[in-house]
Each structure stands twice: as structure tokens, then as C-alpha cells.
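To be precise, the following lines are run37.cif, and they hold mmCIF, C-alpha atoms.
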```cif
data_coords
#
loop_
_atom_site.group_PDB
_atom_site.id
_atom_site.type_symbol
_atom_site.label_atom_id
_atom_site.label_comp_id
_atom_site.auth_asym_id
_atom_site.auth_seq_id
_atom_site.Cartn_x
_atom_site.Cartn_y
_atom_site.Cartn_z
ATOM 1 C CA MET A 1 -47.739 19.859 30.185
ATOM 2 C CA LEU A 2 -50.239 17.224 29.132
ATOM 3 C CA LEU A 3 -52.857 17.683 26.437
ATOM 4 C CA VAL A 4 -55.934 15.682 27.306
ATOM 5 C CA LEU A 5 -58.693 15.020 24.818
ATOM 6 C CA VAL A 6 -62.184 15.352 26.272
ATOM 7 C CA LEU A 7 -65.191 14.389 24.211
ATOM 8 C CA GLY A 8 -67.762 17.132 23.887
ATOM 9 C CA PRO A 9 -70.872 17.771 21.830
ATOM 10 C CA GLY A 10 -70.483 18.469 18.175
ATOM 11 C CA CYS A 11 -70.800 17.026 14.753
ATOM 12 C CA SER A 12 -69.243 13.692 13.856
ATOM 13 C CA ASP A 13 -65.649 13.789 12.721
ATOM 14 C CA LEU A 14 -63.683 11.566 10.362
ATOM 15 C CA LEU A 15 -63.102 8.975 13.054
ATOM 16 C CA GLY A 16 -66.792 8.594 13.780
ATOM 17 C CA PHE A 17 -66.852 10.102 17.263
ATOM 18 C CA GLU A 18 -67.939 13.492 18.493
ATOM 19 C CA THR A 19 -65.602 16.422 17.972
ATOM 20 C CA PRO A 20 -63.245 16.681 20.985
ATOM 21 C CA HIS A 21 -61.838 19.767 22.570
ATOM 22 C CA VAL A 22 -58.489 19.984 24.345
ATOM 23 C CA VAL A 23 -58.049 20.620 28.048
ATOM 24 C CA VAL A 24 -54.611 21.747 29.202
ATOM 25 C CA ASP A 25 -53.672 20.645 32.699
ATOM 26 C CA ALA A 26 -50.131 20.930 34.011
ATOM 27 C CA ASP A 27 -50.666 18.357 36.767
ATOM 28 C CA PRO A 28 -53.693 16.281 35.822
ATOM 29 C CA ASP A 29 -55.566 13.985 38.140
ATOM 30 C CA THR A 30 -56.625 11.278 35.725
ATOM 31 C CA ALA A 31 -59.360 10.051 38.053
ATOM 32 C CA ALA A 32 -61.044 13.474 37.809
ATOM 33 C CA LEU A 33 -61.071 13.561 34.013
ATOM 34 C CA PRO A 34 -64.078 12.319 32.021
ATOM 35 C CA HIS A 35 -63.532 8.636 31.345
ATOM 36 C CA CYS A 36 -65.415 5.914 29.558
ATOM 37 C CA ASP A 37 -66.711 3.087 31.693
ATOM 38 C CA TYR A 38 -64.916 -0.202 31.130
ATOM 39 C CA ALA A 39 -68.263 -1.996 30.886
ATOM 40 C CA THR A 40 -69.523 0.227 28.047
ATOM 41 C CA PRO A 41 -69.222 -1.572 24.687
ATOM 42 C CA PHE A 42 -67.199 -0.095 21.848
ATOM 43 C CA ASP A 43 -68.788 0.809 18.540
ATOM 44 C CA ALA A 44 -67.716 -1.293 15.568
ATOM 45 C CA PRO A 45 -64.116 -0.489 14.544
ATOM 46 C CA ILE A 46 -63.589 1.871 11.617
ATOM 47 C CA LYS A 47 -60.475 2.558 9.559
ATOM 48 C CA VAL A 48 -58.256 5.473 10.606
ATOM 49 C CA PRO A 49 -57.821 7.841 7.625
ATOM 50 C CA GLY A 50 -54.179 8.068 6.590
ATOM 51 C CA LEU A 51 -53.190 4.925 8.510
ATOM 52 C CA SER A 52 -55.106 2.568 6.250
ATOM 53 C CA LEU A 53 -53.551 2.934 2.829
ATOM 54 C CA PRO A 54 -54.105 0.896 -0.347
ATOM 55 C CA ASN A 55 -51.442 -1.594 -1.463
ATOM 56 C CA THR A 56 -49.427 -1.342 1.770
ATOM 57 C CA ASP A 57 -49.681 -2.793 5.254
ATOM 58 C CA GLU A 58 -50.042 -0.631 8.357
ATOM 59 C CA ARG A 59 -50.054 -2.122 11.835
ATOM 60 C CA THR A 60 -49.253 -1.593 15.528
ATOM 61 C CA ALA A 61 -50.121 2.110 15.697
ATOM 62 C CA ARG A 62 -49.173 3.676 19.033
ATOM 63 C CA LEU A 63 -49.986 7.333 19.599
ATOM 64 C CA LEU A 64 -48.873 10.245 21.747
ATOM 65 C CA PRO A 65 -51.471 11.371 24.319
ATOM 66 C CA ASP A 66 -52.990 14.109 22.119
ATOM 67 C CA GLU A 67 -53.552 11.517 19.345
ATOM 68 C CA LEU A 68 -51.928 13.776 16.746
ATOM 69 C CA THR A 69 -48.778 11.657 16.272
ATOM 70 C CA ALA A 70 -48.775 7.940 15.487
ATOM 71 C CA PHE A 71 -45.815 5.575 15.350
ATOM 72 C CA PHE A 72 -46.474 2.346 13.463
ATOM 73 C CA ASN A 73 -45.161 -0.459 11.286
ATOM 74 C CA GLY A 74 -45.567 -0.004 7.569
ATOM 75 C CA GLY A 75 -44.303 -0.920 4.155
ATOM 76 C CA ALA A 76 -44.900 -3.816 1.837
ATOM 77 C CA VAL A 77 -44.333 -6.415 4.573
ATOM 78 C CA SER A 78 -45.026 -4.207 7.653
ATOM 79 C CA SER A 79 -41.433 -4.481 8.847
ATOM 80 C CA GLN A 80 -40.310 -0.842 8.932
ATOM 81 C CA LEU A 81 -41.058 1.915 11.454
ATOM 82 C CA PHE A 82 -42.873 5.075 10.428
ATOM 83 C CA VAL A 83 -44.356 8.157 12.065
ATOM 84 C CA ALA A 84 -47.297 10.223 10.837
ATOM 85 C CA THR A 85 -48.979 13.349 12.178
ATOM 86 C CA ARG A 86 -52.260 15.201 11.753
ATOM 87 C CA PRO A 87 -53.236 18.782 12.672
ATOM 88 C CA SER A 88 -56.303 17.684 14.658
ATOM 89 C CA VAL A 89 -58.123 14.481 15.541
ATOM 90 C CA THR A 90 -60.764 15.365 12.953
ATOM 91 C CA ASP A 91 -58.170 15.272 10.145
ATOM 92 C CA PRO A 92 -56.593 12.268 8.407
ATOM 93 C CA PHE A 93 -52.963 11.512 9.130
ATOM 94 C CA GLY A 94 -50.516 12.929 6.624
ATOM 95 C CA THR A 95 -47.886 11.154 4.564
ATOM 96 C CA PRO A 96 -45.851 8.850 6.837
ATOM 97 C CA THR A 97 -42.138 9.461 7.396
ATOM 98 C CA GLU A 98 -39.801 6.487 7.747
ATOM 99 C CA LEU A 99 -37.716 6.307 10.931
ATOM 100 C CA ALA A 100 -34.663 5.547 8.850
ATOM 101 C CA SER A 101 -32.162 5.835 11.719
ATOM 102 C CA LEU A 102 -33.804 2.854 13.466
ATOM 103 C CA ASN A 103 -34.937 0.560 10.694
ATOM 104 C CA THR A 104 -33.190 -2.689 9.933
ATOM 105 C CA ALA A 105 -34.422 -5.422 7.616
ATOM 106 C CA GLN A 106 -37.052 -6.407 10.213
ATOM 107 C CA THR A 107 -38.135 -3.760 12.746
ATOM 108 C CA PHE A 108 -41.455 -3.852 14.595
ATOM 109 C CA ASP A 109 -43.917 -2.520 17.173
ATOM 110 C CA PRO A 110 -42.827 1.012 18.165
ATOM 111 C CA SER A 111 -43.995 2.248 21.583
ATOM 112 C CA PRO A 112 -43.249 5.889 22.481
ATOM 113 C CA SER A 113 -42.954 7.436 25.909
ATOM 114 C CA ARG A 114 -45.634 9.991 26.699
ATOM 115 C CA ASP A 115 -43.307 12.905 25.874
ATOM 116 C CA GLY A 116 -42.323 11.363 22.524
ATOM 117 C CA LEU A 117 -38.589 11.458 23.313
ATOM 118 C CA THR A 118 -38.055 7.740 23.939
ATOM 119 C CA LEU A 119 -39.101 4.907 21.651
ATOM 120 C CA TYR A 120 -39.127 1.207 22.480
ATOM 121 C CA TYR A 121 -39.395 -1.337 19.675
ATOM 122 C CA SER A 122 -38.293 -4.804 18.597
ATOM 123 C CA ALA A 123 -35.961 -5.880 15.821
ATOM 124 C CA ASP A 124 -34.812 -9.145 14.284
ATOM 125 C CA THR A 125 -31.241 -9.791 15.346
ATOM 126 C CA GLY A 126 -30.836 -12.853 13.133
ATOM 127 C CA GLY A 127 -32.568 -16.112 12.429
ATOM 128 C CA GLY A 128 -36.020 -14.641 12.917
ATOM 129 C CA ILE A 129 -35.358 -13.950 16.622
ATOM 130 C CA GLN A 130 -36.514 -10.565 17.912
ATOM 131 C CA ARG A 131 -35.046 -8.548 20.774
ATOM 132 C CA LEU A 132 -36.187 -5.357 22.505
ATOM 133 C CA PHE A 133 -34.491 -2.026 21.780
ATOM 134 C CA VAL A 134 -34.718 1.588 22.937
ATOM 135 C CA ALA A 135 -33.888 4.814 21.103
ATOM 136 C CA ARG A 136 -33.934 8.419 22.304
ATOM 137 C CA ARG A 137 -33.920 11.974 21.028
ATOM 138 C CA THR A 138 -33.533 15.382 22.664
ATOM 139 C CA THR A 139 -36.480 17.208 21.063
ATOM 140 C CA LEU A 140 -39.544 16.210 19.071
ATOM 141 C CA THR A 141 -37.965 17.573 15.887
ATOM 142 C CA ASP A 142 -34.781 15.503 16.240
ATOM 143 C CA SER A 143 -34.195 12.077 14.733
ATOM 144 C CA PHE A 144 -33.929 9.154 17.125
ATOM 145 C CA THR A 145 -30.458 7.863 17.838
ATOM 146 C CA GLN A 146 -29.709 4.333 16.739
ATOM 147 C CA GLY A 147 -31.358 2.026 19.237
ATOM 148 C CA GLY A 148 -29.586 0.025 21.907
ATOM 149 C CA GLN A 149 -30.655 -3.429 22.990
ATOM 150 C CA LEU A 150 -32.384 -3.758 26.382
ATOM 151 C CA THR A 151 -30.000 -6.438 27.536
ATOM 152 C CA ASN A 152 -31.331 -6.600 31.122
ATOM 153 C CA VAL A 153 -34.783 -7.514 29.812
ATOM 154 C CA SER A 154 -34.059 -8.960 26.397
ATOM 155 C CA PRO A 155 -30.612 -10.587 26.381
ATOM 156 C CA SER A 156 -29.194 -12.346 23.359
ATOM 157 C CA MET A 157 -30.493 -15.866 23.875
ATOM 158 C CA SER A 158 -30.118 -18.559 21.251
ATOM 159 C CA SER A 159 -33.739 -19.395 20.525
ATOM 160 C CA GLU A 160 -35.960 -17.148 22.658
ATOM 161 C CA GLY A 161 -37.515 -14.007 21.239
ATOM 162 C CA ASP A 162 -39.006 -10.863 22.807
ATOM 163 C CA GLY A 163 -41.255 -8.330 21.119
ATOM 164 C CA GLN A 164 -44.220 -5.964 21.194
ATOM 165 C CA PRO A 165 -43.110 -3.599 23.992
ATOM 166 C CA TYR A 166 -45.721 -1.304 25.552
ATOM 167 C CA LEU A 167 -45.388 1.589 28.042
ATOM 168 C CA PRO A 168 -48.619 2.153 29.966
ATOM 169 C CA GLY A 169 -47.939 4.562 32.807
ATOM 170 C CA ASP A 170 -47.681 8.199 33.816
ATOM 171 C CA THR A 171 -43.895 8.268 33.729
ATOM 172 C CA PRO A 172 -41.831 7.258 30.705
ATOM 173 C CA ASN A 173 -40.201 4.366 32.488
ATOM 174 C CA ASP A 174 -42.346 2.836 35.253
ATOM 175 C CA GLU A 175 -43.134 -0.515 33.597
ATOM 176 C CA LEU A 176 -42.479 -2.178 30.270
ATOM 177 C CA TRP A 177 -44.905 -4.869 29.120
ATOM 178 C CA PHE A 178 -43.918 -7.205 26.290
ATOM 179 C CA THR A 179 -44.357 -10.695 24.873
ATOM 180 C CA SER A 180 -41.849 -13.531 24.871
ATOM 181 C CA ASN A 181 -41.529 -17.244 24.175
ATOM 182 C CA ARG A 182 -38.734 -17.553 26.753
ATOM 183 C CA ALA A 183 -38.407 -20.357 29.264
ATOM 184 C CA GLY A 184 -40.665 -19.980 32.294
ATOM 185 C CA GLY A 185 -43.758 -19.176 30.266
ATOM 186 C CA LEU A 186 -46.863 -21.270 29.706
ATOM 187 C CA GLY A 187 -46.201 -22.041 26.041
ATOM 188 C CA GLY A 188 -46.402 -20.113 22.786
ATOM 189 C CA SER A 189 -45.924 -16.377 23.284
ATOM 190 C CA ASP A 190 -46.721 -15.143 26.793
ATOM 191 C CA ILE A 191 -47.140 -11.747 28.418
ATOM 192 C CA TRP A 192 -44.311 -10.431 30.594
ATOM 193 C CA ARG A 193 -43.636 -7.270 32.596
ATOM 194 C CA ALA A 194 -40.412 -5.523 33.650
ATOM 195 C CA THR A 195 -39.911 -2.687 36.149
ATOM 196 C CA PHE A 196 -37.670 0.384 36.004
ATOM 197 C CA ASP A 197 -34.838 0.688 38.529
ATOM 198 C CA GLY A 198 -34.079 4.365 37.858
ATOM 199 C CA THR A 199 -31.686 3.604 35.016
ATOM 200 C CA THR A 200 -33.083 0.767 32.958
ATOM 201 C CA PHE A 201 -35.694 -1.961 32.942
ATOM 202 C CA VAL A 202 -34.957 -5.048 35.023
ATOM 203 C CA ASN A 203 -36.499 -8.148 36.550
ATOM 204 C CA PRO A 204 -38.880 -9.361 33.824
ATOM 205 C CA VAL A 205 -41.640 -11.564 35.249
ATOM 206 C CA LEU A 206 -44.401 -13.585 33.657
ATOM 207 C CA VAL A 207 -47.958 -12.265 33.987
ATOM 208 C CA PRO A 208 -49.511 -15.699 34.435
ATOM 209 C CA GLU A 209 -53.158 -14.681 34.628
ATOM 210 C CA LEU A 210 -52.955 -13.222 31.084
ATOM 211 C CA SER A 211 -50.802 -15.973 29.587
ATOM 212 C CA SER A 212 -51.723 -19.414 28.263
ATOM 213 C CA SER A 213 -50.441 -22.292 26.168
ATOM 214 C CA TYR A 214 -51.783 -20.410 23.128
ATOM 215 C CA THR A 215 -50.485 -17.241 21.444
ATOM 216 C CA ASP A 216 -50.867 -14.171 23.695
ATOM 217 C CA TRP A 217 -49.736 -10.978 21.997
ATOM 218 C CA LEU A 218 -49.665 -7.195 22.150
ATOM 219 C CA PRO A 219 -50.561 -6.247 25.729
ATOM 220 C CA VAL A 220 -52.120 -2.762 25.879
ATOM 221 C CA LEU A 221 -52.847 -1.212 29.280
ATOM 222 C CA SER A 222 -54.824 1.795 30.382
ATOM 223 C CA ARG A 223 -52.833 4.654 31.849
ATOM 224 C CA ASP A 224 -53.831 3.632 35.399
ATOM 225 C CA LYS A 225 -52.933 -0.003 34.593
ATOM 226 C CA LEU A 226 -56.366 -1.243 35.694
ATOM 227 C CA THR A 227 -57.468 -2.403 32.241
ATOM 228 C CA VAL A 228 -55.589 -4.579 29.787
ATOM 229 C CA TYR A 229 -56.296 -5.591 26.200
ATOM 230 C CA PHE A 230 -54.325 -8.228 24.334
ATOM 231 C CA SER A 231 -54.662 -10.513 21.323
ATOM 232 C CA THR A 232 -54.919 -14.290 21.454
ATOM 233 C CA ASP A 233 -55.912 -17.356 19.447
ATOM 234 C CA ARG A 234 -57.524 -19.222 22.342
ATOM 235 C CA PRO A 235 -60.116 -21.812 21.288
ATOM 236 C CA THR A 236 -63.163 -19.499 21.376
ATOM 237 C CA SER A 237 -61.563 -16.976 18.996
ATOM 238 C CA LEU A 238 -63.601 -16.151 15.902
ATOM 239 C CA GLY A 239 -60.669 -16.319 13.524
ATOM 240 C CA ASP A 240 -56.913 -15.866 13.647
ATOM 241 C CA LEU A 241 -56.315 -13.705 16.773
ATOM 242 C CA ASP A 242 -59.061 -11.861 18.655
ATOM 243 C CA ILE A 243 -58.822 -9.057 21.224
ATOM 244 C CA TRP A 244 -59.455 -10.039 24.849
ATOM 245 C CA THR A 245 -59.595 -7.888 27.972
ATOM 246 C CA SER A 246 -59.520 -7.900 31.759
ATOM 247 C CA HIS A 247 -60.073 -5.234 34.417
ATOM 248 C CA ARG A 248 -58.858 -5.105 38.024
ATOM 249 C CA ASP A 249 -59.686 -2.856 40.986
ATOM 250 C CA GLN A 250 -56.106 -1.934 41.918
ATOM 251 C CA ALA A 251 -52.861 -1.867 39.960
ATOM 252 C CA THR A 252 -51.270 -4.164 42.531
ATOM 253 C CA ASP A 253 -53.931 -6.858 42.076
ATOM 254 C CA PRO A 254 -53.679 -9.726 39.581
ATOM 255 C CA PHE A 255 -56.037 -9.462 36.647
ATOM 256 C CA PRO A 256 -59.217 -11.584 36.735
ATOM 257 C CA PRO A 257 -59.692 -14.162 33.944
ATOM 258 C CA PRO A 258 -59.832 -12.349 30.587
ATOM 259 C CA HIS A 259 -62.666 -12.546 28.071
ATOM 260 C CA PRO A 260 -63.167 -11.560 24.399
ATOM 261 C CA VAL A 261 -64.150 -8.034 23.361
ATOM 262 C CA ASP A 262 -66.948 -9.335 21.156
ATOM 263 C CA GLU A 263 -67.902 -6.044 19.507
ATOM 264 C CA VAL A 264 -64.443 -5.490 17.947
ATOM 265 C CA ASN A 265 -63.686 -9.072 16.878
ATOM 266 C CA SER A 266 -64.505 -10.713 13.557
ATOM 267 C CA ALA A 267 -63.625 -13.712 11.434
ATOM 268 C CA ASP A 268 -60.591 -11.683 10.357
ATOM 269 C CA GLY A 269 -57.747 -11.194 12.843
ATOM 270 C CA GLU A 270 -57.652 -8.272 15.289
ATOM 271 C CA ARG A 271 -54.672 -6.991 17.281
ATOM 272 C CA SER A 272 -54.924 -4.388 20.050
ATOM 273 C CA THR A 273 -52.291 -1.623 19.863
ATOM 274 C CA TRP A 274 -53.152 1.520 21.922
ATOM 275 C CA LEU A 275 -55.754 2.920 24.342
ATOM 276 C CA SER A 276 -56.512 6.616 24.822
ATOM 277 C CA ASP A 277 -56.045 8.240 28.233
ATOM 278 C CA ASP A 278 -59.806 8.501 28.764
ATOM 279 C CA ASP A 279 -60.275 4.793 27.905
ATOM 280 C CA CYS A 280 -62.690 5.795 25.110
ATOM 281 C CA ARG A 281 -60.728 4.833 21.979
ATOM 282 C CA LEU A 282 -59.025 1.521 21.354
ATOM 283 C CA TYR A 283 -56.707 1.471 18.349
ATOM 284 C CA LEU A 284 -56.097 -1.876 16.657
ATOM 285 C CA PHE A 285 -55.174 -3.385 13.344
ATOM 286 C CA ARG A 286 -57.089 -5.964 11.404
ATOM 287 C CA VAL A 287 -55.632 -8.713 9.231
ATOM 288 C CA ASP A 288 -57.836 -9.658 6.302
ATOM 289 C CA PRO A 289 -57.214 -11.039 2.787
ATOM 290 C CA SER A 290 -56.401 -7.532 1.513
ATOM 291 C CA GLY A 291 -53.674 -6.895 4.105
ATOM 292 C CA ARG A 292 -53.359 -5.020 7.400
ATOM 293 C CA ASP A 293 -55.003 -1.695 8.245
ATOM 294 C CA VAL A 294 -55.281 0.478 11.350
ATOM 295 C CA TYR A 295 -58.723 0.845 12.955
ATOM 296 C CA VAL A 296 -60.150 2.613 15.968
ATOM 297 C CA ALA A 297 -63.071 1.444 18.106
ATOM 298 C CA VAL A 298 -64.890 4.169 20.057
ATOM 299 C CA ARG A 299 -67.124 4.131 23.111
ATOM 300 C CA ARG A 300 -68.857 7.075 24.784
ATOM 301 C CA PRO A 301 -68.442 8.451 28.308
#
```
Would you encode the structure as C-alpha cells?
Amino acid sequence: MLLVLVLGPGCSDLLGFETPHVVVDADPDTAALPHCDYATPFDAPIKVPGLSLPNTDERTARLLPDELTAFFNGGAVSSQLFVATRPSVTDPFGTPTELASLNTAQTFDPSPSRDGLTLYYSADTGGGIQRLFVARRTTLTDSFTQGGQLTNVSPSMSSEGDGQPYLPGDTPNDELWFTSNRAGGLGGSDIWRATFDGTTFVNPVLVPELSSSYTDWLPVLSRDKLTVYFSTDRPTSLGDLDIWTSHRDQATDPFPPPHPVDEVNSADGERSTWLSDDDCRLYLFRVDPSGRDVYVAVRRP
């Protein structure tokens, strides 16, 4: 069963968008659900209550489809995994809980499957080199098992790192998008994609139309894989990394040349992290002199 948030009339909530109601659909047709048009600009990003805390860093928030559970990096140096929940989208997130069974000295960028039972993430395996890992649990109340390395996608190479995994699709395991500085890229960190063979992810390939000789980070795709957001420091960026986007007509097409999402970018750094099923809310984190905080940018259907 999938819980789908649909924006309806009502007073403004804590996140700055109209109060949603929940539609329950056992076999949803996403094309039939109310969606926001890709061409509609977002409102200015605002901080997410409970995920933007004083004196700590919060980053890379990825949510379950109902937007009531968020997995993210936190702590003094943003290098530990946490989860936080809220009773409704109009409430702030509660006190975060550390995912102690998964955390090492440097653990980053959690990305849950849609059912919340599988979690992909990256971890430093030594010398500042990150690899991709996966952890699983049987129920939503269980702890995740200690993660195993995705050796078919992210093998132990001497100087090449992989990070920032993202699951975009309807099934838990159809594609895994990530970033890497491995050989075969265009320079810096590039965007890559691996497919699922029924058991594990295999055959990572460069996504050349979204990669460059600059830093290209944190790919975030819509559920139908027609829209992508990512963060880059290409020459027209306002400061640090900005969020860029591209939209294609079919999931089998290459993406057209990307462009900045001007309304969410600033002289501070912005990183895209998660997009709601209806394409109406883009979660991100911003890097400014005070630290890192989680924001959401909203647009209307």
C-alpha cells in the first residue's frame, strides 16, 4: 500500500505549503495523480523544522513516500546516520535517533527503499575513500543489519571513491544512481547509474550528459525518472555548489543539457537530496557560515 500526499486547500502549515490530505491507493497510477509541472518555479527554500537544529549539522535528508520519516546525516561533522519521524507533515520532526548499527567513523548519504526496509549509503573504508553499502531489516521497527559493501558496483579500488546513492523508482531495486571519481568519467566527481539484475546492482555506467569536468554531486530523480536534480560547481554557479536540473520526455532518452534552478540557489551552497512523488517538494541542504541545515522548496500544482 502506498500513501500519496495530495495538496488540497487549507491553511498554511509549518513547511509553508497548503495542508495536504492522504490518498490511499493500493496500485497507484502515478500519471493520474496530481503533479506539479516541471516548468513551475519553486518558492524560496525554507528550513524544515526538526531537521535544522542549532549547533549541529544536518544534511542529505531522504524521506519515505509519506514524508513522515527522514533519514539523514547529522552530528557535529555530519558524518553519522540518523532517522527522525513526525506524526504529520504539518508537524516538526522529532528528536533524531542514531542508526548505531550502521555508523562508522565516517558514514554518509542514506537512501531508503520506498518500503523503508532497505537502506543504501556510503562509508569511508580508509584513507578518505568512500564505498557504497546496503543494509536491510525485516520490519520498520527493527534495526538495520550491519551493511554489506556493493562490490559489483563499488569494488575496493585503491584511489577511486563512490558515494551519494539514490533510488528513484517504483521498485526498491530498479536503478541505483550515485557519484564517483572512477576512471572513465569526465573529471572530478561524475554521475553514474547501475541496474538491478534480480539479485544485486551491476553494470555501472557513466551518465555523460549530466557529468562534466567539474564537481557533479547528489543526483535526485523523480519517481518516473523523467526529471533529475543534482549539485555542481560549474562556472555559472552563484557560490560553492548550486542545484541544476534537466527533464526528458521518456525514461529511455538521454537528458537534455542541464541548467540551474535559479529560485533555490544562493551565494551559499545548495545540495539537492530528495523529491516528493508529486514533484512538488524538493528537499535540499544549504551550506552557509553557520553550518548545514535541511530545507524544502515547494511549488504548486
Q: Identify all residues satisfying the PyMOL selection byres ((chain A and resi 92-95) around 9) in the given file; provide them as a VMD selection string.
A: chain A and resid 14 to 15 48 to 51 68 to 70 83 to 91 96 to 97
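CA of Thr151 (chain A) is positioned 15.5 Å from CA of Gly198 (chain A).
Of the listed residues (A:Arg137, A:Arg131, A:Arg223, A:Arg286), A:Arg286 comes nearest to Arg271 (chain A); the distances count only C-alpha atoms.
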Q | Selection dump of the PyMOL selection byres ((chain A and resi 206-208) around 6), as a list in words | A | Ile191, Trp192, Val205, Glu209, Leu210 and Ser211 of chain A
Q.
As a check of understanding, name the residues that the PyMOL selection byres ((chain A and resi 195) around 12) selects in the supplied structure, as a PyMOL selection string.
A. chain A and resi 152-153+167-169+171-178+192-194+196-205
Q: Using all atoms listed in the file, determine which residues lie at most 9 Å from Ser159 (chain A), disregarding the query and same-chain residues fewer than 6 positions distant; provide the list as a VMD selection string.
A: chain A and resid 127 129 181 to 182
Q: Mind checking which residues fall within 7 Å of region 239-250 of chain A, counting all atoms listed in the file, ignoring those fewer than 4 positions away in the same chain, and posting them as a PyMOL selection string?
A: chain A and resi 226-233+255-261+265-272
Q: Would you mind listing what lies within 8 Å of region 101-108 of chain A as a ChimeraX atom specification, with all atoms listed in the file counted and same-chain residues fewer than 4 positions away left out?
A: /A:73,78-81,121-124,135,143-147,163-164
Q. How far is it from CA of Cys36 (chain A) to CA of Pro65 (chain A), in Å with one decimal?
A. 15.9 Å
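Rounded to one decimal, CA of Gln149 (chain A) and CA of Val134 (chain A) lie 6.5 Å from each other.
Shell of Cys280 (chain A) at 6 Å, with all atoms listed in the file counted and residues fewer than 2 places along the chain excluded, is Cys36, Asp278, Val298 and Arg299 of chain A.
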Using only C-alpha atoms, determine which residues lie at most 7 Å from Gly188 (chain A), disregarding the query and same-chain residues fewer than 6 positions distant; provide the list as a JSON list (two decimals) with C-alpha atoms, in the frame of the given file.
```json
[["chain", "number", "residue", "atom", "x", "y", "z"],
["A", 181, "ASN", "CA", -41.53, -17.24, 24.18],
["A", 213, "SER", "CA", -50.44, -22.29, 26.17],
["A", 214, "TYR", "CA", -51.78, -20.41, 23.13],
["A", 215, "THR", "CA", -50.48, -17.24, 21.44]]
```
Q | Shortest interatomic distance to Gln130 (chain A) - which of A:Thr252, A:Glu67, A:Glu160, A:Glu263, counting all atoms listed in the file | A | A:Glu160
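Closest approach to Ser237 (chain A) from the set A:Asp262, A:Asp224, A:Asp109, A:Asp253 is made by A:Asp262, with distances taken over only C-alpha atoms.
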